[in-house]
Structures are given as C-alpha cells and as structure tokens.
$ cat start-v4.txt   # compact mmCIF, C-alpha atoms
# COMPACT_ATOMS: atom_id res chain seq x y z
CA MET A 1235 76.46 29.09 97.27
CA LEU A 1236 74.74 25.78 96.63
CA GLY A 1237 71.85 25.84 94.21
CA THR A 1238 68.31 24.47 94.28
CA ARG A 1239 67.09 21.32 92.60
CA PRO A 1240 63.75 22.43 91.08
CA ALA A 1241 60.70 20.21 90.83
CA ALA A 1242 60.90 18.06 87.69
CA VAL A 1243 57.56 16.21 87.67
CA ALA A 1244 55.14 18.76 89.15
CA GLY A 1245 52.13 18.88 86.86
CA THR A 1246 52.63 15.30 85.67
CA PHE A 1247 53.12 12.92 88.61
CA TYR A 1248 51.28 15.29 90.96
CA PRO A 1249 49.49 18.66 90.69
CA GLY A 1250 51.70 21.61 89.86
CA ASP A 1251 49.44 24.23 91.43
CA PRO A 1252 50.35 24.70 95.11
CA ALA A 1253 46.79 24.96 96.41
CA THR A 1254 45.60 21.97 94.39
CA LEU A 1255 48.63 19.95 95.47
CA ALA A 1256 48.11 20.72 99.15
CA LEU A 1257 44.42 19.83 98.92
CA THR A 1258 45.18 16.59 97.04
CA VAL A 1259 47.74 15.42 99.58
CA ASP A 1260 45.59 16.42 102.54
CA ARG A 1261 42.63 14.48 101.17
CA LEU A 1262 44.76 11.38 100.59
CA LEU A 1263 46.14 11.60 104.12
CA ALA A 1264 42.70 12.11 105.65
CA ALA A 1265 41.44 8.94 103.96
CA ALA A 1266 44.40 6.85 105.14
CA ARG A 1267 45.03 4.86 108.29
CA HIS A 1268 46.38 6.48 111.45
CA ASP A 1269 46.67 3.54 113.86
CA MET A 1270 50.38 2.84 114.37
CA PRO A 1271 50.93 2.38 118.14
CA ILE A 1272 54.67 3.18 117.99
CA GLN A 1273 56.54 5.86 116.05
CA PRO A 1274 57.78 4.39 112.76
CA LYS A 1275 61.52 4.56 112.28
CA ALA A 1276 61.31 3.76 108.56
CA LEU A 1277 58.79 3.60 105.75
CA ILE A 1278 58.63 1.97 102.34
CA ALA A 1279 56.23 3.80 100.02
CA PRO A 1280 55.55 3.88 96.26
CA HIS A 1281 56.51 6.60 93.79
CA ALA A 1282 54.07 6.52 90.86
CA GLY A 1283 51.75 9.34 89.93
CA TYR A 1284 49.36 10.21 92.74
CA VAL A 1285 46.33 9.04 90.75
CA TYR A 1286 47.87 5.57 90.74
CA SER A 1287 49.74 5.17 94.03
CA GLY A 1288 48.92 8.26 96.08
CA ALA A 1289 46.49 6.47 98.39
CA THR A 1290 49.06 3.76 99.17
CA ALA A 1291 51.79 6.32 99.83
CA ALA A 1292 49.38 8.20 102.09
CA ALA A 1293 48.89 5.04 104.17
CA ALA A 1294 52.58 5.25 105.09
CA TYR A 1295 52.72 8.99 105.71
CA ALA A 1296 49.50 9.12 107.72
CA ALA A 1297 51.18 6.79 110.22
CA LEU A 1298 53.58 9.62 111.10
CA ALA A 1299 50.91 12.08 112.22
CA PRO A 1300 51.12 11.53 116.01
CA TRP A 1301 54.90 12.03 115.96
CA ALA A 1302 55.22 14.70 113.29
CA ASP A 1303 56.62 17.33 115.67
CA ALA A 1304 59.42 14.99 116.76
CA ILE A 1305 60.76 14.24 113.25
CA HIS A 1306 63.27 16.81 112.03
CA ARG A 1307 65.35 14.92 109.46
CA VAL A 1308 64.39 12.56 106.61
CA ILE A 1309 66.78 10.14 104.92
CA LEU A 1310 65.12 9.51 101.55
CA LEU A 1311 66.37 6.73 99.27
CA GLY A 1312 64.98 5.83 95.87
CA PRO A 1313 66.03 4.02 92.72
CA THR A 1314 67.46 5.74 89.67
CA HIS A 1315 65.31 5.60 86.52
CA ARG A 1316 67.21 7.85 84.08
CA VAL A 1317 70.89 7.97 85.04
CA ALA A 1318 72.98 4.91 85.87
CA VAL A 1319 74.70 5.12 89.24
CA ASN A 1320 77.24 2.75 90.71
CA GLY A 1321 76.48 3.11 94.40
CA MET A 1322 74.46 5.93 95.94
CA ALA A 1323 74.33 9.48 94.59
CA LEU A 1324 73.95 12.67 96.61
CA PRO A 1325 73.03 15.90 94.81
CA GLU A 1326 75.27 18.92 94.62
CA SER A 1327 72.32 21.22 95.39
CA GLY A 1328 71.68 22.63 98.84
CA THR A 1329 67.90 22.64 98.65
CA PHE A 1330 65.11 20.76 96.87
CA SER A 1331 61.93 22.57 95.85
CA THR A 1332 58.34 21.59 95.11
CA PRO A 1333 55.28 23.77 94.49
CA LEU A 1334 54.83 23.72 98.30
CA GLY A 1335 58.19 25.36 98.98
CA SER A 1336 61.88 24.60 99.51
CA ILE A 1337 63.47 21.90 101.67
CA ARG A 1338 66.94 22.39 103.12
CA LEU A 1339 69.40 19.55 102.73
CA ASP A 1340 71.23 18.46 105.87
CA SER A 1341 74.80 19.46 105.02
CA GLN A 1342 76.24 18.04 108.24
CA ALA A 1343 74.69 14.63 107.68
CA ILE A 1344 75.77 14.66 104.03
CA ALA A 1345 79.34 15.45 105.07
CA GLY A 1346 79.24 12.44 107.38
CA ILE A 1347 78.77 10.01 104.49
CA ALA A 1348 80.42 11.90 101.61
CA ASP A 1349 83.74 10.07 101.92
CA LEU A 1350 82.31 6.55 101.82
CA PRO A 1351 83.39 4.64 98.70
CA GLN A 1352 79.78 3.79 97.74
CA VAL A 1353 78.69 7.45 97.85
CA VAL A 1354 79.13 9.83 94.90
CA PHE A 1355 77.85 13.29 94.04
CA SER A 1356 75.75 13.60 90.88
CA GLU A 1357 73.38 16.43 90.11
CA GLN A 1358 72.40 14.61 86.92
CA ALA A 1359 71.18 11.57 88.83
CA HIS A 1360 68.74 13.79 90.74
CA ALA A 1361 67.76 16.34 88.09
CA LEU A 1362 64.88 14.41 86.49
CA GLU A 1363 64.45 11.60 89.05
CA HIS A 1364 60.85 11.21 90.22
CA SER A 1365 61.36 8.41 92.77
CA LEU A 1366 62.43 10.89 95.44
CA GLU A 1367 60.51 13.97 94.37
CA VAL A 1368 57.00 12.50 94.60
CA HIS A 1369 57.49 11.88 98.34
CA LEU A 1370 58.37 15.47 99.15
CA PRO A 1371 54.84 16.98 99.09
CA PHE A 1372 53.65 14.26 101.49
CA LEU A 1373 56.54 15.04 103.84
CA GLN A 1374 55.88 18.77 103.53
CA ARG A 1375 52.23 18.38 104.51
CA VAL A 1376 52.87 15.92 107.38
CA LEU A 1377 56.03 17.32 109.02
CA PRO A 1378 56.09 20.92 110.28
CA ARG A 1379 59.85 21.22 109.65
CA PHE A 1380 62.56 18.88 108.46
CA SER A 1381 65.85 18.71 106.62
CA LEU A 1382 66.56 16.17 103.91
CA VAL A 1383 69.27 13.71 102.89
CA PRO A 1384 68.29 12.51 99.37
CA LEU A 1385 70.06 9.45 97.96
CA ALA A 1386 69.53 8.19 94.43
CA VAL A 1387 70.48 4.52 94.66
CA GLY A 1388 71.86 2.62 91.71
CA HIS A 1389 73.57 -0.75 91.93
CA ALA A 1390 74.48 -1.06 95.61
CA SER A 1391 74.76 -4.07 97.90
CA PRO A 1392 72.58 -4.39 101.00
CA GLU A 1393 75.74 -3.96 103.09
CA ALA A 1394 76.66 -0.73 101.29
CA VAL A 1395 73.21 0.78 101.83
CA ALA A 1396 72.99 -0.44 105.42
CA GLU A 1397 76.35 1.17 106.22
CA VAL A 1398 75.02 4.56 105.14
CA LEU A 1399 71.80 4.07 107.09
CA ASN A 1400 73.75 3.09 110.19
CA ILE A 1401 75.76 6.31 110.09
CA LEU A 1402 72.62 8.43 109.60
CA TRP A 1403 70.36 6.42 111.93
CA GLY A 1404 70.02 8.95 114.71
CA GLY A 1405 67.14 8.88 117.17
CA PRO A 1406 63.40 9.68 117.00
CA GLU A 1407 64.24 12.88 115.11
CA THR A 1408 65.38 10.88 112.06
CA LEU A 1409 62.99 9.11 109.67
CA ILE A 1410 64.15 6.77 106.90
CA VAL A 1411 62.00 6.53 103.76
CA VAL A 1412 62.66 4.06 100.96
CA SER A 1413 60.86 4.71 97.69
CA SER A 1414 59.82 1.63 95.72
CA ASP A 1415 57.03 0.31 93.55
CA LEU A 1416 56.58 -3.45 93.18
CA SER A 1417 56.20 -5.53 90.00
CA HIS A 1418 55.78 -3.87 86.60
CA PHE A 1419 53.52 -4.62 83.65
CA LEU A 1420 52.17 -8.02 84.66
CA PRO A 1421 48.51 -9.02 84.18
CA TYR A 1422 46.36 -8.09 87.18
CA GLY A 1423 45.99 -11.58 88.65
CA THR A 1424 49.64 -12.44 88.20
CA ALA A 1425 50.72 -9.17 89.76
CA ARG A 1426 48.58 -9.80 92.82
CA GLN A 1427 50.30 -13.16 93.34
CA VAL A 1428 53.81 -11.84 92.70
CA ASP A 1429 53.36 -8.73 94.84
CA GLY A 1430 51.78 -10.69 97.67
CA ASN A 1431 54.80 -12.97 97.70
CA THR A 1432 57.20 -10.00 97.64
CA CYS A 1433 55.41 -8.44 100.59
CA ARG A 1434 55.73 -11.66 102.56
CA HIS A 1435 59.47 -11.65 101.95
CA ILE A 1436 59.76 -8.00 103.03
CA LEU A 1437 57.83 -8.81 106.21
CA GLN A 1438 60.36 -11.60 106.83
CA LEU A 1439 63.21 -9.06 106.35
CA ASP A 1440 64.54 -11.09 103.42
CA THR A 1441 67.39 -9.10 101.84
CA HIS A 1442 67.15 -10.90 98.50
CA ILE A 1443 64.37 -8.84 96.89
CA ARG A 1444 65.06 -8.63 93.14
CA PRO A 1445 64.55 -5.60 90.87
CA GLU A 1446 61.77 -7.37 88.96
CA GLN A 1447 59.93 -7.75 92.29
CA ALA A 1448 60.49 -4.14 93.40
CA CYS A 1449 62.09 -1.38 91.36
CA GLY A 1450 63.63 -0.03 94.57
CA ALA A 1451 65.12 -3.42 95.44
CA TYR A 1452 68.61 -2.09 96.16
CA PRO A 1453 67.59 0.46 98.82
CA VAL A 1454 64.87 -1.90 100.09
CA ASN A 1455 67.38 -4.69 100.69
CA GLY A 1456 69.69 -2.28 102.50
CA LEU A 1457 66.88 -1.16 104.78
CA LEU A 1458 65.89 -4.77 105.44
CA LEU A 1459 69.48 -5.62 106.44
CA ALA A 1460 69.62 -2.64 108.80
CA ALA A 1461 66.19 -3.57 110.16
CA THR A 1462 67.39 -7.11 110.87
CA ARG A 1463 70.44 -5.89 112.74
CA ARG A 1464 68.46 -3.39 114.81
CA GLY A 1465 65.44 -5.55 115.53
CA LEU A 1466 62.88 -3.49 113.63
CA LYS A 1467 59.38 -4.90 113.16
CA PRO A 1468 57.72 -4.35 109.75
CA THR A 1469 54.00 -3.82 109.24
CA LEU A 1470 52.19 -3.87 105.88
CA LEU A 1471 49.96 -0.79 105.70
CA GLY A 1472 48.63 -1.05 102.16
CA LEU A 1473 48.88 -3.13 98.97
CA CYS A 1474 47.27 -2.61 95.59
CA ASN A 1475 48.18 -2.08 91.94
CA SER A 1476 47.35 0.34 89.17
CA GLY A 1477 44.46 -1.90 88.09
CA ASP A 1478 42.80 -1.09 91.41
CA THR A 1479 43.20 2.66 91.02
CA ALA A 1480 43.45 4.37 87.64
CA GLY A 1481 44.76 1.89 85.09
CA ASP A 1482 43.62 -1.08 83.04
CA ARG A 1483 44.22 -4.62 84.27
CA ASP A 1484 46.23 -5.95 81.33
CA ARG A 1485 49.58 -4.52 82.44
CA VAL A 1486 49.71 -3.21 85.99
CA VAL A 1487 52.26 -1.81 88.44
CA GLY A 1488 52.20 -2.90 92.08
CA TYR A 1489 52.33 -0.61 95.12
CA ALA A 1490 52.80 -1.31 98.82
CA ALA A 1491 53.37 0.69 101.98
CA PHE A 1492 55.26 -0.56 105.04
CA ALA A 1493 56.20 0.91 108.40
CA PHE A 1494 59.10 -0.33 110.53
CA GLU A 1495 59.08 0.08 114.30
CA GLU A 1496 62.11 -0.04 116.58
CA PRO A 1497 61.94 -2.35 119.60
CA ASP A 1498 60.73 -0.77 122.84
CA PRO A 1499 63.89 -0.23 124.96
CA HIS A 1500 61.73 -0.46 128.11
CA ALA A 1501 60.01 -3.74 127.19
$ encode --input "start-v4.txt" --output "structure tokens"
Amino acid sequence: MLGTRPAAVAGTFYPGDPATLALTVDRLLAAARHDMPIQPKALIAPHAGYVYSGATAAAAYAALAPWADAIHRVILLGPTHRVAVNGMALPESGTFSTPLGSIRLDSQAIAGIADLPQVVFSEQAHALEHSLEVHLPFLQRVLPRFSLVPLAVGHASPEAVAEVLNILWGGPETLIVVSSDLSHFLPYGTARQVDGNTCRHILQLDTHIRPEQACGAYPVNGLLLAATRRGLKPTLLGLCNSGDTAGDRDRVVGYAAFAFEEPDPHA
C-alpha cells in the first residue's frame, strides 16, 4: 500500500492549525480578483510563505471559483530546492496531506508518464519540498474534489516538460499549476524592473526564462512552450515583491500570478 507524504512546512510557510489555515486562505481568496471571463487552463503562482506571497497566489486561485466544480485533476509542477533532480520527479507516495486533509494522487495519470525518460520517482525530492506543498491548501479550499499529479522539476528542457503536459492535458477537468517565484534578493527598485521585464517575456510566451529571473524557470518554460503550441492566452493577475508585503526593501523576492486561457473552439 502506498504511503502518505506528510506536510513538511505547515506551521512555517503557512498556519499549521486547520481552522486558522482555512480562515487564512479564505480571507486571501475573498480579497482577490474573480473576473476571469474564461476558465483558466493553467496558472503560474508563487510559493513563498503566505505572509509574503499569499495574496498574489490567491489572485490566481480566486480566478478558478466559477469553474471549481468542473476541475477534478491538478497537474502541479514546481522547482526543487533541496534535492537535485535531473528531469522531473514523481513521488512514491499515494497521497499528500496538509492540515486540511489528504489528497489522492492520480495513479492512472502517473502511470501514463512514468516510462518517459525525463520522469523519475523520488520520495526524497518531495519530502521537504515547499514549492508544491504551499499550493495545496489553496486548492483544497477552492476545489470541492480533485486528484493530484505532483512533479518536482529539476533540470529539464522546455520540450521535456511540454511533452509531459501534453500527455496529461485533458479537458476542462484538468488544471495545470506551475509554482514559481521571480527574482531573489535584489534591491526593491531593481527587482521591480527585473520582474516587470520577466513578466513581459512570460506574456509573450518566451521560453527562455532563466533561473535568476524565476526560480521555477524550468517548469515555466515548459508551460510556455505548451501554451504556444496550443494557442493559450496569458493574463497577468498580480505582481509584487516581499518589500510590498512583509519584508524589508534591501533584498526582496518577486512574486507574480498568471492565468492561461485556451482559445474558444466556437470563436
């Protein structure tokens, strides 16, 4: 029987008490935008502690509200911070847990990509990784029910990531989420310029985002390649840095939220 990957950063990156966590996420979502006219197929959202980037992440997840009942599967990709991975790592666990409960992994979808050369299994890559975990409480509060395909992305080409996304693409029931912060530890004014430029390149679907521009550059570039091929339209939902939220302005980290819409087949 497959085991459970327990929460690793509850109580540090976000509240560890279930009631406090639910209230925190709900308040962030209530304060965020809800005006996407078309169901997003994909999101890019940040993964810092909620006090820093929670409001920006909420801007992405609030956009799902009108279609929450239709989304039953989430493909979640984020960068590795603690364990080096060549390619993309799936966990060996069968469920992920947070203080809000357990999330079942989609074993059928995982089996569909398990034999690809860029995909490996590594419980270690997931054990302490926060880039995926911090998104789970938002998903749990927005979506009534969903299964999960979590991918910890190390060094992987845009083509390698896009191939996995293409296999898992599905229809309106499948949401793709890429976890990424922007620049790290620049002075406030410099970060605003650098991050603004990075956002312009993402909006142009430029697949040459570098890790110093976005720590999730490898999964971001893969999503941007897939978005180009499938005609997705990106929208910037929020942009700030830690100097705007809970940090000083000497060395800041940038955060942005994007939604990607598929073209209307009836247009």
$ residues_around --input "start-v4.txt" --residues "Glu1397 of chain A" --least-positions-apart "5" --cutoff "10 Å" --atoms "only C-alpha atoms" --output "count of residues only"
11
$ closest_residue --input "start-v4.txt" --among "A:Gly1423, A:Pro1333, A:Pro1453, A:Pro1300" --to "Glu1393 of chain A" --atoms "only C-alpha atoms"
A:Pro1453
$ closest_residue --input "start-v4.txt" --among "A:Ala1302, A:Ile1436, A:Ala1279, A:Ala1451" --to "Arg1379 of chain A" --atoms "all atoms listed in the file"
A:Ala1302
$ residues_around --input "start-v4.txt" --residues "segment 1262-1270 of chain A" --least-positions-apart "5" --cutoff "12 Å" --atoms "all atoms listed in the file" --output "PyMOL selection string"
chain A and resi 1255-1257+1275+1284-1301+1371-1373+1375-1376+1467-1472+1491-1495
$ residues_around --input "start-v4.txt" --residues "segment 1363-1368 of chain A" --least-positions-apart "6" --cutoff "9 Å" --atoms "all atoms listed in the file" --output "list in words"
Ala1241, Ala1242, Val1243, Ala1244, Phe1247, Tyr1248, Pro1280, His1281, Ala1282, Gly1283, Tyr1284, Leu1310, Leu1311, Gly1312, Pro1313, Thr1314, His1315, Arg1316, Val1317, Phe1330, Ser1331, Thr1332, Pro1384, Leu1385, Ala1386, Val1412, Ser1413, Ser1414 and Gly1450 of chain A
$ atom_distance --input "start-v4.txt" --atom1 "atom CA of Leu1399 of chain A" --atom2 "atom CA of Arg1239 of chain A"
23.0 Å
$ closest_residue --input "start-v4.txt" --among "A:Ala1345, A:Ser1381, A:Leu1416, A:Asn1431" --to "Ile1401 of chain A" --atoms "only C-alpha atoms"
A:Ala1345
$ atom_distance --input "start-v4.txt" --atom1 "atom CA of Asp1349 of chain A" --atom2 "atom CA of Leu1324 of chain A"
11.4 Å
$ residues_around --input "start-v4.txt" --residues "Leu1409 of chain A" --least-positions-apart "2" --cutoff "9 Å" --atoms "only C-alpha atoms" --output "PyMOL selection string"
chain A and resi 1274-1277+1305-1310+1403-1407+1411
$ closest_residue --input "start-v4.txt" --among "A:Val1398, A:His1389, A:Ser1356, A:Thr1462" --to "Arg1444 of chain A" --atoms "only C-alpha atoms"
A:His1389
$ closest_residue --input "start-v4.txt" --among "A:Leu1362, A:Val1259, A:Val1486, A:Leu1473" --to "Gln1374 of chain A" --atoms "all atoms listed in the file"
A:Val1259
$ closest_residue --input "start-v4.txt" --among "A:Leu1370, A:Ala1390, A:Ile1272, A:Ala1348" --to "Asp1498 of chain A" --atoms "all atoms listed in the file"
A:Ile1272
$ residues_around --input "start-v4.txt" --residues "Asp1440 of chain A" --least-positions-apart "6" --cutoff "10 Å" --atoms "all atoms listed in the file" --output "number ranges by chain"
A: 1432-1434, 1454-1455, 1458-1459, 1462
$ atom_distance --input "start-v4.txt" --atom1 "atom CA of Val1354 of chain A" --atom2 "atom CA of Arg1463 of chain A"
25.3 Å
$ decode --input "start-v4.txt" --residues "segment 1348-1359 of chain A" --atoms "N, CA and C atoms" --output "PDB file, in the first residue's frame"
ATOM      1  N   ALA A1348       5.010   7.605 -16.429  1.00  0.00           N
ATOM      2  CA  ALA A1348       6.086   7.006 -15.616  1.00  0.00           C
ATOM      3  C   ALA A1348       7.233   6.461 -16.449  1.00  0.00           C
ATOM      4  N   ASP A1349       6.957   6.058 -17.685  1.00  0.00           N
ATOM      5  CA  ASP A1349       8.000   5.440 -18.508  1.00  0.00           C
ATOM      6  C   ASP A1349       8.766   6.439 -19.370  1.00  0.00           C
ATOM      7  N   LEU A1350       8.412   7.710 -19.299  1.00  0.00           N
ATOM      8  CA  LEU A1350       9.145   8.703 -20.079  1.00  0.00           C
ATOM      9  C   LEU A1350      10.566   8.846 -19.536  1.00  0.00           C
ATOM     10  N   PRO A1351      11.554   9.065 -20.395  1.00  0.00           N
ATOM     11  CA  PRO A1351      12.940   9.127 -19.925  1.00  0.00           C
ATOM     12  C   PRO A1351      13.223  10.310 -19.005  1.00  0.00           C
ATOM     13  N   GLN A1352      12.445  11.381 -19.088  1.00  0.00           N
ATOM     14  CA  GLN A1352      12.673  12.554 -18.240  1.00  0.00           C
ATOM     15  C   GLN A1352      11.959  12.467 -16.896  1.00  0.00           C
ATOM     16  N   VAL A1353      11.237  11.372 -16.665  1.00  0.00           N
ATOM     17  CA  VAL A1353      10.462  11.216 -15.431  1.00  0.00           C
ATOM     18  C   VAL A1353      11.105  10.151 -14.554  1.00  0.00           C
ATOM     19  N   VAL A1354      11.325  10.497 -13.276  1.00  0.00           N
ATOM     20  CA  VAL A1354      11.869   9.559 -12.297  1.00  0.00           C
ATOM     21  C   VAL A1354      10.948   9.551 -11.077  1.00  0.00           C
ATOM     22  N   PHE A1355      11.151   8.573 -10.217  1.00  0.00           N
ATOM     23  CA  PHE A1355      10.446   8.537  -8.939  1.00  0.00           C
ATOM     24  C   PHE A1355      11.441   8.851  -7.830  1.00  0.00           C
ATOM     25  N   SER A1356      11.096   9.789  -6.967  1.00  0.00           N
ATOM     26  CA  SER A1356      11.982  10.159  -5.861  1.00  0.00           C
ATOM     27  C   SER A1356      11.159  10.703  -4.705  1.00  0.00           C
ATOM     28  N   GLU A1357      11.033   9.903  -3.671  1.00  0.00           N
ATOM     29  CA  GLU A1357      10.346  10.377  -2.469  1.00  0.00           C
ATOM     30  C   GLU A1357      11.161  11.474  -1.792  1.00  0.00           C
ATOM     31  N   GLN A1358      12.483  11.385  -1.888  1.00  0.00           N
ATOM     32  CA  GLN A1358      13.343  12.395  -1.270  1.00  0.00           C
ATOM     33  C   GLN A1358      13.142  13.770  -1.884  1.00  0.00           C
ATOM     34  N   ALA A1359      12.940  13.828  -3.191  1.00  0.00           N
ATOM     35  CA  ALA A1359      12.754  15.117  -3.849  1.00  0.00           C
ATOM     36  C   ALA A1359      11.502  15.825  -3.356  1.00  0.00           C
TER      37      ALA A1359
END
